[in-house]
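Here's the structure, in structure tokens; my notes come after.
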Amino acid sequence: MSAKRTGRQNMIILVVLLAAQLFLMSGSVRGAKGAATLERTLMRVSSPVVSLAELVGGTIGGTGRTLRELLVARARNQVLETRVRRMTGELRYYREAERENRRLRRMLEMQETLAPRSIVASVVISSTRGPSRMIVVDRGTRAGVHKDQPVMAWGGTVGRVVTAESAYSKVLLLTDPSSGVAGLLQHSRAQGIVFGTEGPGLEMRFVPRFSNVSHGDRVVTSGLAGIFPRGIGVGRVTSIRQAADGTQTIELEPELDYGSLEEVLIVLETAEGGPLPHPATEGSN
Amino acid sequence: MNALRALLGLVAALGLQVALARIWPDTGRFVSLLLVLVVTYGVSGSQRSAIFMGCLAGLLNDVWLQAGAFGISGFKWTLLGWLLGSVNMRLDLGHTPGRFGAGVAVVLGDSVLNGVLARLLDQPNEPRGIWILLLQASLTGLLAAMIGSMVDRSKATGPRVGAPGWRSAG
């Protein structure tokens with residue numbers, strides 16, 4: 001009996017609510033004031049809940065988005081870093097190739113100008129400090145190399161071949177204390193012999209006493225000994241002193257950095273050509 | 001006490017729905033937590049509480065979560081709450097399959113009612129795609145079943161009223 005009554009009451013409530021909402025709906029569609037007022041009231045009452053939820057949701061959503069963006073940025077950064085590393089490696093390789101290309105072009109130029117019968121060799125062992133100063137190059141008797149042939153590089157004289165095997169040759173550097181070459185002061189034309197020293201520099205001895213020598217003067221090979229072609233750079237004057245025998249001894253700074261030699265030119269047969277272009281005027285390697 | 005609990009439920013469902021929409025804007029397409037609340041009340045409360053819950057949840061939905069005529073969700077969900085309450089009185093839906101089925105049925109019923117009312121009121125109505133509708137129905141059923149079993153567990157001091165093993169004091 002009670003359940004029946006409750007059911008009837010529920011039905012009445014349902015009908016009332018549905019009728020009210022039907023009224024609201026039609027009012028809302030027609031733009032009636034009452035429906036809008038009720039909607040606004042309900043909105044005002046429940047707005048704190050929505051504001052709080054928006055704040056919480058916005059914070060969580062914002063944090064999530066930031067995290068996602070960070071992850072994306074990190075992944076992109078890794079990709080870019082890899083690309084930069086690869087490109088840096090490529091750039092280094094191309095720069096090295098470009099330097100090598102420039103060096104070889106100069107070698108070729110030098111070969112064409114000074115020694116048409118010469119070959120380019122790469123330095124495989126370099127010992128430019130210590131008591132014995134020499135380099136080993138990858139060309140030997142098979143390529144026509146033999147003892148006492150002059151060896152040059154862009155900018156100056158390197159030394160001469162002291163030992164030649166079939167595939168390798170040993171070159172005594174000009175800076176070795178036991179080596180010597182006939183030199184000529186380019187400005188005053190005074191002659192002397194250039195020797196290696198215990199230190200890093202060179203020494204030009206037996207220069208006539210009254211020769212006009214100044215600091216910075218350039219010394220080149222004179223070609224008199226018949227080994228080196230004439231006019232190849234040897235060094236620059238750094239100091240002058242009078243020797244006991246009445247001649248002048250001049251200290252020179254070598255024109256070449258022997259420690260950084262990579263390719264050299266072995267002159268198989270000397271020819272009288274024009275003077276070797278100086279690196280200071282043609283650009284350094 | 002029951003009214004306060006219902007109010008808290010409404011506040012929680014509305015708040016969660018709005019917060020979720022801020023995190024994932026598509027949430028509203030797939031699930032309505034206010035409708036889940038109506039289903040929960042329909043299968044576990046009295047018929048009257050289901051009617052009132054449908055009315056209030058629908059009106060809140062109209063105010064905040066839909067742009068059509070004000071009162072349309074209120075009308076639909078009041079009716080669905082009553083229907084669910086009636087069915088629950090005859091067939092006990094207070095178990096997981098019952099709750100899931102009720103959730104699915106309510107979403108489908110809501111869709112049908114929406115079309116009918118839109119036609120009656122001459123309002124534009126774009127029907128939801130079948131897959132979206134099925135997904136929404138499944139999610140609603142799933143959530144109703146989960147919430148129902150959580151409520152059951154929290155009340156688990158003895159056998160559920162009407163369930164096997166329950167004995168009337170009389």
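Identifiers in the structure tokens: chain A, B, ... in order shown; residue index from 1 per chain; ligand index from 1 in order shown.
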So that I can check the surroundings of A:Ala3, please list as JSON, numbers by chain every protein, DNA and RNA residue that reaches within 12 Å of it, counting only C-alpha atoms and ignoring chain neighbours fewer than 2 positions away. {"A": [1, 5, 6, 7, 8, 9, 10], "B": [46, 47, 48, 86, 89]}
Pull N, CA, C and O atoms from the residues just selected and write them as a tab-separated table (two decimals), in the first residue's frame.
```tsv
chain	number	residue	atom	x	y	z
A	1	MET	N	0.85	-1.21	0.00
A	1	MET	CA	0.00	0.00	0.00
A	1	MET	C	0.87	1.25	0.00
A	1	MET	O	0.66	2.18	-0.77
A	5	ARG	N	1.69	4.14	-2.85
A	5	ARG	CA	1.56	5.57	-2.61
A	5	ARG	C	2.83	6.31	-3.00
A	5	ARG	O	2.81	7.36	-3.63
A	6	THR	N	3.94	5.67	-2.65
A	6	THR	CA	5.23	6.27	-3.01
A	6	THR	C	5.36	6.36	-4.52
A	6	THR	O	5.80	7.38	-5.07
A	7	GLY	N	4.91	5.30	-5.20
A	7	GLY	CA	4.96	5.29	-6.67
A	7	GLY	C	4.13	6.41	-7.24
A	7	GLY	O	4.53	7.08	-8.19
A	8	ARG	N	2.96	6.60	-6.62
A	8	ARG	CA	2.07	7.65	-7.12
A	8	ARG	C	2.70	9.03	-6.88
A	8	ARG	O	2.68	9.91	-7.74
A	9	GLN	N	3.26	9.17	-5.71
A	9	GLN	CA	3.93	10.45	-5.38
A	9	GLN	C	5.08	10.72	-6.36
A	9	GLN	O	5.26	11.83	-6.84
A	10	ASN	N	5.84	9.66	-6.61
A	10	ASN	CA	6.96	9.80	-7.55
A	10	ASN	C	6.47	10.22	-8.93
A	10	ASN	O	7.10	11.04	-9.61
B	46	SER	N	16.80	5.31	-4.28
B	46	SER	CA	15.35	5.15	-4.48
B	46	SER	C	14.96	5.79	-5.82
B	46	SER	O	15.75	6.52	-6.41
B	47	GLN	N	13.76	5.51	-6.24
B	47	GLN	CA	13.31	6.07	-7.52
B	47	GLN	C	13.22	7.60	-7.43
B	47	GLN	O	13.57	8.31	-8.37
B	48	ARG	N	12.80	8.08	-6.26
B	48	ARG	CA	12.65	9.52	-6.10
B	48	ARG	C	14.01	10.22	-6.17
B	48	ARG	O	14.16	11.27	-6.81
B	86	SER	N	12.40	2.80	-11.93
B	86	SER	CA	11.29	1.85	-12.11
B	86	SER	C	11.82	0.47	-12.45
B	86	SER	O	11.39	-0.55	-11.89
B	89	MET	N	13.41	-1.22	-9.56
B	89	MET	CA	12.47	-1.75	-8.56
B	89	MET	C	12.02	-3.15	-8.95
B	89	MET	O	11.76	-3.99	-8.10
```
Would you mind listing, as a PyMOL selection string, all residues of chain B that have at least one atom within 10 Å of chain A, where only C-alpha atoms are what counts? chain B and resi 10-12+14-25+47-49+51-52+55-56+59-60+62-64+68-79+81-82+86+117+120-123
For atom CA of A:Gly235 and atom CA of A:Glu253, the interatomic separation in Å (one decimal):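 Going from atom CA of A:Gly235 over to atom CA of A:Glu253 covers 5.2 Å.
Closest approach to B:Pro127 among B:Arg29, B:Ala145, B:Lys155, B:Leu35: B:Arg29, based on only C-alpha atoms.
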Excluding stretch 186-196 of chain A and its own-chain neighbours fewer than 4 positions away, which residues fall within 10 Å of it when counting only C-alpha atoms? Please give them as a count of residues only. 45
Helix (DSSP H, G or I) residues, from DSSP on the backbone, in chain B, as a PyMOL selection string: chain B and resi 2-23+27-30+33-44+47-65+72-90+96-120+130-154
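Straight-line separation from atom CA of B:Asp110 to atom CA of B:Asp26: 19.0 Å.
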To one decimal in Å, tell me the separation between atom CA of B:Leu93 and atom CA of B:Gly141.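 Interatomic distance here is 12.0 Å.
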Stretch 169-172 of chain A: which residues within 7 Å, counting only C-alpha atoms, same-chain residues fewer than 2 positions away excluded, as a VMD selection string? chain A and resid 133 to 140 159 to 165 174 176
Dump C-alpha atoms for the selected residues as a compact mmCIF listing (two decimals), in the first residue's frame?
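The result, written out as part.txt:
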```txt
# COMPACT_ATOMS: atom_id res chain seq x y z
CA ARG A 133 116.41 16.24 -36.90
CA MET A 134 114.93 14.37 -39.78
CA ILE A 135 111.73 13.19 -41.45
CA VAL A 136 110.81 9.97 -43.22
CA VAL A 137 108.75 10.26 -46.40
CA ASP A 138 106.72 7.66 -48.30
CA ARG A 139 108.72 7.77 -51.52
CA GLY A 140 111.90 5.82 -52.18
CA GLY A 159 116.74 19.41 -46.33
CA ARG A 160 118.28 16.62 -48.37
CA VAL A 161 117.79 12.89 -48.74
CA VAL A 162 120.32 10.94 -46.68
CA THR A 163 118.97 7.43 -47.10
CA ALA A 164 116.65 6.04 -49.75
CA GLU A 165 114.99 2.65 -49.51
CA LEU A 174 118.18 21.90 -42.58
CA ASP A 176 120.04 19.45 -38.01
```
Can you pull out every residue within 7 Å of stretch 150-157 of chain A, counting only C-alpha atoms, but drop anything in the same chain fewer than 5 positions away, and send it as an MDAnalysis selection string? chainID A and resid 106:107 227:228 232:234 255:256 264:267 278:279
Identify, on the basis of only C-alpha atoms, every residue whose closest approach to B:Ala6 does not exceed 12 Å; exclude the query and any residue fewer than 3 positions from it along the same chain; express the result as a ChimeraX atom specification. /B:1-3,9-13,34,37-38,40-41,45,49-50,52-54,56-57
